[in-house]
file final_4.csv (CSV, C-alpha atoms and all ligand atoms)
chain,number,residue,atom,x,y,z
T,32,MET,CA,-15.2,16.3,-50.8
T,33,ALA,CA,-12.1,15.8,-48.7
T,34,VAL,CA,-12.2,17.4,-45.2
T,35,ASP,CA,-9.1,19.5,-44.5
T,36,GLU,CA,-7.0,17.8,-41.8
T,37,PRO,CA,-5.9,20.1,-39.0
T,38,PRO,CA,-2.2,21.3,-39.1
T,39,VAL,CA,0.3,19.6,-36.8
T,40,THR,CA,3.8,20.6,-35.7
T,41,VAL,CA,6.5,18.1,-34.7
T,42,LEU,CA,9.6,19.3,-32.9
T,43,GLY,CA,12.4,16.7,-32.9
T,44,LEU,CA,13.1,14.5,-35.9
T,45,GLY,CA,15.1,11.7,-34.5
T,46,ALA,CA,14.0,8.1,-35.2
T,47,MET,CA,10.7,8.5,-33.4
T,48,GLY,CA,10.0,12.1,-34.2
T,49,GLU,CA,10.5,11.6,-37.9
T,50,THR,CA,8.1,8.6,-37.9
T,51,VAL,CA,5.5,10.6,-36.0
T,52,ALA,CA,5.8,13.5,-38.5
T,53,ARG,CA,5.7,11.1,-41.5
T,54,THR,CA,2.5,9.5,-40.1
T,55,PHE,CA,0.8,12.8,-40.0
T,56,LEU,CA,2.0,13.8,-43.5
T,57,ASP,CA,0.8,10.5,-44.9
T,58,SER,CA,-2.6,11.1,-43.4
T,59,GLY,CA,-2.9,14.4,-45.1
T,60,HIS,CA,-2.2,16.8,-42.2
T,61,PRO,CA,-0.3,19.9,-43.1
T,62,THR,CA,2.9,19.2,-41.1
T,63,THR,CA,5.4,21.7,-39.8
T,64,VAL,CA,8.7,20.3,-38.6
T,65,TRP,CA,11.7,21.6,-36.7
T,66,ASN,CA,14.9,19.8,-35.7
T,67,ARG,CA,18.0,21.1,-34.0
T,68,SER,CA,20.1,19.7,-36.9
T,69,GLN,CA,18.3,21.2,-39.9
T,70,GLU,CA,19.4,18.6,-42.4
T,71,ARG,CA,17.3,15.9,-40.7
T,72,ALA,CA,14.2,17.7,-42.0
T,73,HIS,CA,15.1,17.4,-45.7
T,74,THR,CA,13.4,14.1,-46.4
T,75,LEU,CA,10.2,15.2,-44.8
T,76,VAL,CA,10.2,18.5,-46.6
T,77,ALA,CA,10.6,16.5,-49.9
T,78,HIS,CA,7.4,14.7,-48.8
T,79,GLY,CA,5.5,18.0,-48.3
T,80,ALA,CA,6.4,19.1,-44.7
T,81,VAL,CA,7.2,22.7,-44.0
T,82,ARG,CA,10.4,23.3,-42.2
T,83,ALA,CA,10.3,26.0,-39.5
T,84,GLU,CA,13.5,28.0,-38.7
T,85,THR,CA,12.9,28.0,-35.0
T,86,PRO,CA,10.8,26.3,-32.3
T,87,ARG,CA,9.0,29.6,-31.9
T,88,ASP,CA,8.0,29.6,-35.6
T,89,ALA,CA,7.1,25.9,-35.4
T,90,VAL,CA,4.6,26.2,-32.6
T,91,THR,CA,2.8,29.2,-34.1
T,92,ASP,CA,2.0,27.1,-37.3
T,93,SER,CA,-0.4,24.6,-35.7
T,94,PRO,CA,-2.9,24.3,-32.8
T,95,ILE,CA,-1.1,21.2,-31.7
T,96,ALA,CA,2.7,20.8,-31.3
T,97,ILE,CA,4.4,17.5,-30.5
T,98,VAL,CA,7.8,17.4,-28.9
T,99,CYS,CA,9.8,14.2,-29.3
T,100,VAL,CA,13.5,14.6,-28.3
T,101,THR,CA,16.1,12.6,-26.4
T,102,ASP,CA,15.2,13.4,-22.8
T,103,ASP,CA,13.7,16.0,-20.5
T,104,ASP,CA,16.7,18.3,-20.7
T,105,ALA,CA,16.4,18.4,-24.5
T,106,ALA,CA,12.6,19.0,-24.3
T,107,ARG,CA,13.1,21.9,-21.8
T,108,THR,CA,15.6,23.4,-24.2
T,109,VAL,CA,13.2,23.2,-27.1
T,110,LEU,CA,10.3,24.5,-25.1
T,111,ASP,CA,12.3,27.4,-23.7
T,112,ALA,CA,13.2,28.3,-27.3
T,113,ALA,CA,9.5,28.3,-28.2
T,114,GLY,CA,8.9,30.6,-25.2
T,115,GLU,CA,5.7,32.7,-25.0
T,116,ALA,CA,4.8,31.6,-28.6
T,117,VAL,CA,3.2,28.4,-27.1
T,118,ALA,CA,0.2,30.4,-25.8
T,119,GLY,CA,-3.0,28.9,-27.1
T,120,CYS,CA,-1.3,25.8,-28.3
T,121,VAL,CA,-1.8,22.2,-27.1
T,122,LEU,CA,1.7,20.9,-26.4
T,123,VAL,CA,2.1,17.1,-26.5
T,124,ASN,CA,5.4,15.9,-25.1
T,125,LEU,CA,6.2,12.4,-26.3
T,126,THR,CA,9.7,12.6,-24.8
T,127,THR,CA,10.3,9.8,-22.3
T,128,GLY,CA,10.5,11.1,-18.8
T,129,THR,CA,9.4,10.9,-15.2
T,130,PRO,CA,6.1,12.0,-13.5
T,131,ASP,CA,7.9,14.9,-11.8
T,132,GLN,CA,9.4,16.1,-15.1
T,133,ALA,CA,5.9,16.0,-16.7
T,134,GLU,CA,4.4,18.0,-13.8
T,135,ARG,CA,7.1,20.6,-14.2
T,136,ALA,CA,6.6,20.9,-18.0
T,137,ALA,CA,2.9,21.2,-17.4
T,138,GLU,CA,3.4,24.1,-15.0
T,139,TRP,CA,5.7,25.8,-17.5
T,140,ALA,CA,3.2,25.4,-20.3
T,141,THR,CA,0.2,26.5,-18.2
T,142,ALA,CA,2.0,29.6,-17.1
T,143,ARG,CA,2.4,30.5,-20.7
T,144,GLY,CA,-1.3,29.9,-21.7
T,145,ALA,CA,-0.7,26.5,-23.4
T,146,LYS,CA,-2.3,23.2,-22.6
T,147,TYR,CA,0.0,20.3,-21.8
T,148,LEU,CA,-0.5,16.7,-22.6
T,149,ASP,CA,2.2,14.2,-21.6
T,150,GLY,CA,2.5,11.2,-23.8
T,151,VAL,CA,4.2,7.8,-23.6
T,152,ILE,CA,4.9,5.7,-26.7
T,153,GLN,CA,4.9,2.0,-25.8
T,154,ALA,CA,6.2,0.9,-29.2
T,155,GLY,CA,9.1,0.9,-31.5
T,156,VAL,CA,9.4,3.1,-34.5
T,157,ASP,CA,8.2,0.3,-36.8
T,158,GLN,CA,5.0,0.0,-34.9
T,159,VAL,CA,4.1,3.7,-34.7
T,160,GLY,CA,1.2,4.5,-37.1
T,161,THR,CA,-0.2,1.0,-36.7
T,162,PRO,CA,-2.6,-0.6,-34.1
T,163,GLU,CA,0.3,-2.4,-32.7
T,164,ALA,CA,1.6,0.8,-31.0
T,165,THR,CA,0.1,1.8,-27.7
T,166,LEU,CA,0.2,5.4,-26.6
T,167,LEU,CA,-0.8,6.7,-23.2
T,168,TYR,CA,-1.7,10.4,-22.5
T,169,SER,CA,-2.4,12.5,-19.5
T,170,GLY,CA,-3.3,16.1,-18.9
T,171,PRO,CA,-6.4,18.2,-19.5
T,172,ARG,CA,-9.1,15.8,-20.8
T,173,SER,CA,-10.6,18.5,-23.0
T,174,ALA,CA,-7.2,19.0,-24.8
T,175,PHE,CA,-7.0,15.2,-25.4
T,176,ALA,CA,-10.6,15.0,-26.6
T,177,ALA,CA,-10.0,17.9,-29.1
T,178,HIS,CA,-7.1,16.1,-30.7
T,179,ARG,CA,-7.9,12.5,-30.1
T,180,THR,CA,-8.5,11.8,-33.8
T,181,THR,CA,-5.1,13.3,-34.8
T,182,LEU,CA,-3.3,11.5,-32.0
T,183,GLY,CA,-5.1,8.3,-32.8
T,184,LEU,CA,-3.2,8.1,-36.1
T,185,LEU,CA,-0.1,7.2,-34.1
T,186,GLY,CA,-1.6,4.0,-32.7
T,187,GLU,CA,-4.0,2.7,-30.1
T,188,THR,CA,-4.6,5.7,-27.9
T,189,HIS,CA,-5.5,5.9,-24.2
T,190,PHE,CA,-6.2,8.7,-21.9
T,191,VAL,CA,-5.0,7.7,-18.4
T,192,GLY,CA,-5.7,10.7,-16.2
T,193,SER,CA,-5.8,14.5,-15.8
T,194,ALA,CA,-2.6,14.7,-13.7
T,195,ALA,CA,0.3,15.5,-16.1
T,196,GLY,CA,2.5,12.8,-14.6
T,197,GLN,CA,0.1,10.0,-14.9
T,198,ALA,CA,1.2,8.7,-18.3
T,199,SER,CA,4.8,8.4,-17.3
T,200,LEU,CA,3.7,6.9,-14.0
T,201,TYR,CA,2.0,4.1,-16.0
T,202,ASP,CA,5.0,3.8,-18.2
T,203,LEU,CA,7.4,3.3,-15.3
T,204,ALA,CA,5.0,1.0,-13.5
T,205,LEU,CA,4.7,-1.2,-16.6
T,206,LEU,CA,8.5,-1.2,-17.1
T,207,GLY,CA,8.9,-2.2,-13.4
T,208,LEU,CA,6.4,-5.0,-13.9
T,209,TRP,CA,8.5,-6.3,-16.8
T,210,TYR,CA,11.7,-6.1,-14.8
T,211,ASP,CA,10.2,-7.8,-11.7
T,212,ALA,CA,8.5,-10.6,-13.8
T,213,GLU,CA,11.6,-11.2,-15.9
T,214,LEU,CA,13.8,-11.3,-12.9
T,215,ALA,CA,11.4,-13.7,-11.1
T,216,TYR,CA,11.7,-16.0,-14.2
T,217,LEU,CA,15.5,-15.7,-14.3
T,218,GLN,CA,15.7,-16.5,-10.6
T,219,ALA,CA,13.6,-19.6,-11.0
T,220,ILE,CA,15.8,-20.8,-14.0
T,221,ALA,CA,18.9,-20.0,-11.9
T,222,LEU,CA,17.6,-22.1,-9.0
T,223,ILE,CA,16.8,-25.0,-11.3
T,224,GLY,CA,20.2,-24.8,-12.9
T,225,SER,CA,22.0,-24.8,-9.5
T,226,ALA,CA,21.3,-28.5,-9.2
T,227,GLY,CA,23.5,-29.3,-12.2
T,228,GLU,CA,23.0,-29.6,-15.9
T,229,VAL,CA,19.4,-28.8,-16.7
T,230,ASP,CA,18.3,-27.5,-20.0
T,231,PRO,CA,16.2,-24.4,-19.0
T,232,GLU,CA,13.8,-25.2,-21.9
T,233,THR,CA,12.6,-28.3,-20.1
T,234,PHE,CA,11.3,-25.9,-17.4
T,235,VAL,CA,9.4,-23.7,-19.7
T,236,PRO,CA,5.9,-25.4,-19.6
T,237,PHE,CA,5.9,-25.4,-15.8
T,238,ALA,CA,7.1,-21.7,-15.6
T,239,ALA,CA,4.5,-20.7,-18.2
T,240,LYS,CA,1.7,-22.3,-16.2
T,241,GLN,CA,2.9,-20.6,-13.0
T,242,LEU,CA,3.1,-17.2,-14.7
T,243,GLY,CA,-0.3,-17.9,-16.2
T,244,TYR,CA,-1.8,-18.1,-12.7
T,245,VAL,CA,-0.5,-14.5,-12.1
T,246,LEU,CA,-2.0,-13.3,-15.3
T,247,ASP,CA,-5.4,-15.1,-14.7
T,248,ALA,CA,-5.7,-13.6,-11.2
T,249,ALA,CA,-4.8,-10.1,-12.3
T,250,PRO,CA,-8.4,-8.7,-12.5
T,251,GLN,CA,-9.3,-10.3,-9.1
T,252,VAL,CA,-6.1,-9.0,-7.5
T,253,ALA,CA,-6.9,-5.4,-8.8
T,254,ARG,CA,-10.4,-5.7,-7.3
T,255,GLU,CA,-9.0,-6.8,-3.9
T,256,VAL,CA,-6.6,-3.9,-3.8
T,257,ARG,CA,-9.3,-1.5,-4.8
T,258,ASP,CA,-11.7,-2.8,-2.2
T,259,ARG,CA,-9.0,-3.4,0.5
T,260,ARG,CA,-10.3,-6.9,1.0
T,261,TYR,CA,-7.7,-9.7,0.9
T,262,PRO,CA,-9.3,-13.2,0.9
T,263,ARG,CA,-7.0,-16.1,1.3
T,264,GLY,CA,-6.8,-17.0,-2.4
T,265,PRO,CA,-4.5,-20.0,-2.8
T,266,ALA,CA,-3.2,-19.7,0.8
T,267,THR,CA,-3.3,-17.6,4.0
T,268,LEU,CA,-0.3,-15.6,5.1
T,269,VAL,CA,0.3,-18.2,7.8
T,270,GLU,CA,0.4,-20.9,5.2
T,271,HIS,CA,2.7,-18.8,3.0
T,272,ALA,CA,5.3,-18.2,5.8
T,273,PRO,CA,6.9,-21.7,5.8
T,274,VAL,CA,7.0,-21.8,2.0
T,275,LEU,CA,8.9,-18.5,2.0
T,276,ASP,CA,11.2,-19.8,4.7
T,277,HIS,CA,12.1,-22.9,2.6
T,278,LEU,CA,12.6,-20.8,-0.5
T,279,ILE,CA,14.9,-18.3,1.3
T,280,GLN,CA,16.9,-21.2,2.8
T,281,LEU,CA,17.3,-23.0,-0.6
T,282,ARG,CA,18.2,-19.8,-2.5
T,283,SER,CA,20.7,-18.8,0.2
T,284,SER,CA,22.3,-22.3,0.1
T,285,VAL,CA,23.1,-21.9,-3.7
T,286,GLY,CA,24.4,-18.4,-3.2
T,287,MET,CA,21.4,-16.4,-4.4
T,288,ASN,CA,20.6,-13.1,-3.0
T,289,THR,CA,17.5,-13.3,-0.7
T,290,ASP,CA,17.2,-9.6,0.3
T,291,HIS,CA,13.9,-9.1,-1.6
T,292,LEU,CA,12.4,-12.4,-0.5
T,293,GLY,CA,13.5,-11.7,3.1
T,294,TYR,CA,11.7,-8.3,2.9
T,295,ILE,CA,8.5,-10.1,1.7
T,296,ARG,CA,8.9,-12.6,4.5
T,297,ALA,CA,9.2,-9.8,7.1
T,298,LEU,CA,6.0,-8.1,5.8
T,299,VAL,CA,4.2,-11.5,6.1
T,300,GLU,CA,5.5,-11.8,9.7
T,301,GLN,CA,4.4,-8.2,10.5
T,302,ARG,CA,0.9,-8.8,9.2
T,303,ILE,CA,0.6,-12.1,11.1
T,304,ALA,CA,1.8,-10.3,14.3
T,305,ASP,CA,-0.9,-7.8,13.7
T,306,GLY,CA,-3.4,-10.6,13.8
T,307,ARG,CA,-4.2,-10.7,10.1
T,308,THR,CA,-3.6,-14.4,9.9
T,309,GLU,CA,-6.4,-15.2,7.5
T,310,ASP,CA,-5.4,-12.5,4.9
T,311,GLY,CA,-4.1,-13.7,1.5
T,312,PHE,CA,-0.9,-12.6,-0.1
T,313,THR,CA,-2.5,-9.5,-1.8
T,314,ALA,CA,-2.7,-7.9,1.7
T,315,LEU,CA,1.0,-7.0,1.4
T,316,VAL,CA,0.1,-4.2,-1.0
T,317,GLU,CA,-0.7,-2.1,2.0
T,318,HIS,CA,2.9,-2.2,3.1
T,319,LEU,CA,4.6,-1.5,-0.3
T,320,THR,CA,4.3,2.3,-0.3
T,321,THR,CA,4.5,5.2,2.1
T,322,PRO,CA,2.0,8.0,1.4
T,323,ARG,CA,3.6,11.0,-0.3
T,324,GLY,CA,5.1,13.3,2.2
T,325,GLY,CA,6.8,10.4,4.0
T,326,ALA,CA,6.2,8.7,7.2
T,327,SER,CA,6.0,11.0,10.2
T,401,LIG,N1,13.0,5.1,-30.8
T,401,LIG,C1,12.1,4.4,-30.2
T,401,LIG,O1,11.9,3.2,-30.6
T,401,LIG,C2,11.3,5.0,-29.1
T,401,LIG,C3,10.3,4.2,-28.5
T,401,LIG,C4,9.6,4.8,-27.5
T,401,LIG,C5,9.9,6.1,-27.0
T,401,LIG,N2,10.9,6.8,-27.6
T,401,LIG,C6,11.2,8.1,-27.0
T,401,LIG,O2,11.1,9.1,-28.0
T,401,LIG,C7,12.1,10.1,-27.7
T,401,LIG,C8,12.9,10.3,-29.0
T,401,LIG,O3,13.6,9.1,-29.3
T,401,LIG,P1,14.4,8.9,-30.7
T,401,LIG,O4,14.5,7.4,-30.8
T,401,LIG,O5,13.7,9.7,-31.7
T,401,LIG,O6,15.8,9.5,-30.3
T,401,LIG,P2,16.9,9.9,-31.4
T,401,LIG,O7,16.8,9.2,-32.7
T,401,LIG,O8,18.2,9.8,-30.7
T,401,LIG,O9,16.7,11.5,-31.7
T,401,LIG,C9,16.9,12.4,-30.7
T,401,LIG,C10,16.3,13.7,-31.1
T,401,LIG,O10,16.4,14.7,-30.0
T,401,LIG,C11,17.0,15.8,-30.5
T,401,LIG,N3,17.8,16.5,-29.4
T,401,LIG,C12,18.6,15.9,-28.6
T,401,LIG,N4,19.2,16.8,-27.7
T,401,LIG,C13,18.6,18.0,-28.1
T,401,LIG,C14,18.7,19.3,-27.6
T,401,LIG,N5,19.5,19.6,-26.5
T,401,LIG,N6,18.0,20.3,-28.2
T,401,LIG,C15,17.2,20.0,-29.2
T,401,LIG,N7,17.0,18.8,-29.8
T,401,LIG,C16,17.7,17.8,-29.2
T,401,LIG,C17,17.9,15.4,-31.6
T,401,LIG,O11,18.2,16.4,-32.5
T,401,LIG,P3,19.5,16.3,-33.5
T,401,LIG,O12,19.0,15.6,-34.7
T,401,LIG,O13,19.9,17.7,-33.7
T,401,LIG,O14,20.6,15.6,-32.7
T,401,LIG,C18,16.9,14.4,-32.3
T,401,LIG,O15,16.0,15.0,-33.0
T,401,LIG,C19,12.9,9.6,-26.6
T,401,LIG,O16,12.5,10.3,-25.4
T,401,LIG,C20,12.7,8.1,-26.5
T,401,LIG,O17,12.8,7.6,-25.2
T,401,LIG,C21,11.6,6.3,-28.6
call {"tool": "encode", "arguments": {"input": "final_4.csv", "output": "structure tokens", "more": "lines below"}}
Ligand SMILES: NC(=O)c1ccc[n+]([C@@H]2O[C@H](COP(=O)([O-])OP(=O)(O)OC[C@H]3O[C@@H](n4cnc5c(N)ncnc54)[C@H](OP(=O)(O)O)[C@@H]3O)[C@@H](O)[C@H]2O)c1
result
Amino acid sequence: MAVDEPPVTVLGLGAMGETVARTFLDSGHPTTVWNRSQERAHTLVAHGAVRAETPRDAVTDSPIAIVCVTDDDAARTVLDAAGEAVAGCVLVNLTTGTPDQAERAAEWATARGAKYLDGVIQAGVDQVGTPEATLLYSGPRSAFAAHRTTLGLLGETHFVGSAAGQASLYDLALLGLWYDAELAYLQAIALIGSAGEVDPETFVPFAAKQLGYVLDAAPQVAREVRDRRYPRGPATLVEHAPVLDHLIQLRSSVGMNTDHLGYIRALVEQRIADGRTEDGFTALVEHLTTPRGGAS
């Protein structure tokens, strides 16, 4: 005998929201949908979804309501329209945002008797509903555990922490990792190209091997940061200093910006001046952030 799947509500039926709602419908969940432009619900209704007239009606239909709209302003508009009706509901916000926005939404929801999970979709619409999609969630662990099976239909699902902002913190940290790594690669290609006509493809095997070192060392680096122990690794900071000087000089000579490298070089110098000459490069992590609240 088929077990009844729990009802789900989806607010926001853009490209992503519609895919999310369709995934639940296809898995047999009674699905209530709401969208600002009503016509966008028609296809889903034809497949068995129930269209709610208002966000308020939509959230009262299910124990879990998923919000997936353009941005935080739009999400706030939808949640405000749902108002006090969110009491007792688990709100899952899949709208892309910042940690601060997630914390504010969590406060809003908690004040109205709802539980708030912030979610991040690291996938395109074509991947949602398959194991290729990765979704990160943060908020009350009990709310996540209660709906893990339902949320798991959308893709590979991870709980990353009880602070509401944690999922978008991960999201932005990972985006930053991509930007920095991609820019590092582009800078290397630009430097090679500065010598004249070089097909960047000839550089690929060497670059791939170099990037591989970063990837291979990732678990060890994480342990060193956690334990605040910074063994020399491939070189000590004293040995890194002249390499950085050569690189800064070379990049500068071909008109490349060296601000970031100069900043790294200054941190190395500061650490050496503090007598930490035998530390490895990972020691710089201690200088990359200022504790919240700012320096006094
Ligand atoms: N698409 C992707 O591949 C993807 C991947 C990862 C994450 N995301 C995230 O998922 C979220 C939704 O993206 P999407 O691709 O579905 O966007 P989209 O196709 O542009 O749809 C936007 C949705 O937001 C609604 N909306 C906008 N302003 C609103 C307001 N003031 N009040 C109520 N509803 C409003 C729209 O309603 P109307 O139909 O009435 O305009 C529509 O349902 C975004 O935060 C995005 O960053 C998307």
call {"tool": "residues_near_ligand", "arguments": {"input": "final_4.csv", "ligand": "ligand LIG 401 (chain T)", "cutoff": "10 Å", "atoms": "all atoms listed in the file", "output": "compact mmCIF listing (two decimals) with C-alpha atoms, in the frame of the given file"}}
result
# COMPACT_ATOMS: atom_id res chain seq x y z
CA LEU T 42 9.60 19.30 -32.90
CA GLY T 43 12.40 16.70 -32.90
CA LEU T 44 13.10 14.50 -35.90
CA GLY T 45 15.10 11.70 -34.50
CA ALA T 46 14.00 8.10 -35.20
CA MET T 47 10.70 8.50 -33.40
CA GLY T 48 10.00 12.10 -34.20
CA GLU T 49 10.50 11.60 -37.90
CA THR T 50 8.10 8.60 -37.90
CA VAL T 51 5.50 10.60 -36.00
CA TRP T 65 11.70 21.60 -36.70
CA ASN T 66 14.90 19.80 -35.70
CA ARG T 67 18.00 21.10 -34.00
CA SER T 68 20.10 19.70 -36.90
CA GLN T 69 18.30 21.20 -39.90
CA GLU T 70 19.40 18.60 -42.40
CA ARG T 71 17.30 15.90 -40.70
CA ALA T 72 14.20 17.70 -42.00
CA PRO T 86 10.80 26.30 -32.30
CA VAL T 98 7.80 17.40 -28.90
CA CYS T 99 9.80 14.20 -29.30
CA VAL T 100 13.50 14.60 -28.30
CA THR T 101 16.10 12.60 -26.40
CA ASP T 102 15.20 13.40 -22.80
CA ASP T 103 13.70 16.00 -20.50
CA ASP T 104 16.70 18.30 -20.70
CA ALA T 105 16.40 18.40 -24.50
CA ALA T 106 12.60 19.00 -24.30
CA ARG T 107 13.10 21.90 -21.80
CA THR T 108 15.60 23.40 -24.20
CA VAL T 109 13.20 23.20 -27.10
CA LEU T 110 10.30 24.50 -25.10
CA ALA T 112 13.20 28.30 -27.30
CA ASN T 124 5.40 15.90 -25.10
CA LEU T 125 6.20 12.40 -26.30
CA THR T 126 9.70 12.60 -24.80
CA THR T 127 10.30 9.80 -22.30
CA GLY T 128 10.50 11.10 -18.80
CA GLY T 150 2.50 11.20 -23.80
CA VAL T 151 4.20 7.80 -23.60
CA ILE T 152 4.90 5.70 -26.70
CA GLN T 153 4.90 2.00 -25.80
CA ALA T 154 6.20 0.90 -29.20
CA GLY T 155 9.10 0.90 -31.50
CA VAL T 156 9.40 3.10 -34.50
CA ASP T 157 8.20 0.30 -36.80
CA GLN T 158 5.00 0.00 -34.90
CA VAL T 159 4.10 3.70 -34.70
CA ALA T 164 1.60 0.80 -31.00
CA THR T 165 0.10 1.80 -27.70
CA LEU T 166 0.20 5.40 -26.60
call {"tool": "residues_around", "arguments": {"input": "final_4.csv", "residues": "segment 301-311 of chain T", "least_positions_apart": "4", "cutoff": "9 Å", "atoms": "only C-alpha atoms", "output": "PDB file with C-alpha atoms, keeping the file's coordinate frame"}}
result
ATOM      1  CA  ARG T 260     -10.300  -6.900   1.000  1.00  0.00           C
ATOM      2  CA  TYR T 261      -7.700  -9.700   0.900  1.00  0.00           C
ATOM      3  CA  PRO T 262      -9.300 -13.200   0.900  1.00  0.00           C
ATOM      4  CA  ARG T 263      -7.000 -16.100   1.300  1.00  0.00           C
ATOM      5  CA  GLY T 264      -6.800 -17.000  -2.400  1.00  0.00           C
ATOM      6  CA  PRO T 265      -4.500 -20.000  -2.800  1.00  0.00           C
ATOM      7  CA  ALA T 266      -3.200 -19.700   0.800  1.00  0.00           C
ATOM      8  CA  THR T 267      -3.300 -17.600   4.000  1.00  0.00           C
ATOM      9  CA  LEU T 268      -0.300 -15.600   5.100  1.00  0.00           C
ATOM     10  CA  VAL T 269       0.300 -18.200   7.800  1.00  0.00           C
ATOM     11  CA  GLU T 270       0.400 -20.900   5.200  1.00  0.00           C
ATOM     12  CA  HIS T 271       2.700 -18.800   3.000  1.00  0.00           C
ATOM     13  CA  ARG T 296       8.900 -12.600   4.500  1.00  0.00           C
ATOM     14  CA  ALA T 297       9.200  -9.800   7.100  1.00  0.00           C
ATOM     15  CA  LEU T 315       1.000  -7.000   1.400  1.00  0.00           C
TER      16      LEU T 315
END
call {"tool": "closest_residue", "arguments": {"input": "final_4.csv", "among": "T:Thr313, T:Thr74, T:Thr289, T:Thr233", "to": "Arg257 of chain T", "atoms": "all atoms listed in the file"}}
result
T:Thr313
call {"tool": "atom_distance", "arguments": {"input": "final_4.csv", "atom1": "atom CA of Leu298 of chain T", "atom2": "atom CA of His318 of chain T"}}
result
7.2 Å
call {"tool": "residues_around", "arguments": {"input": "final_4.csv", "residues": "Gly183 of chain T", "least_positions_apart": "2", "cutoff": "10 Å", "atoms": "all atoms listed in the file", "output": "count of residues only"}}
result
14
call {"tool": "atom_distance", "arguments": {"input": "final_4.csv", "atom1": "atom CA of Leu200 of chain T", "atom2": "atom CA of Pro130 of chain T"}}
result
5.7 Å
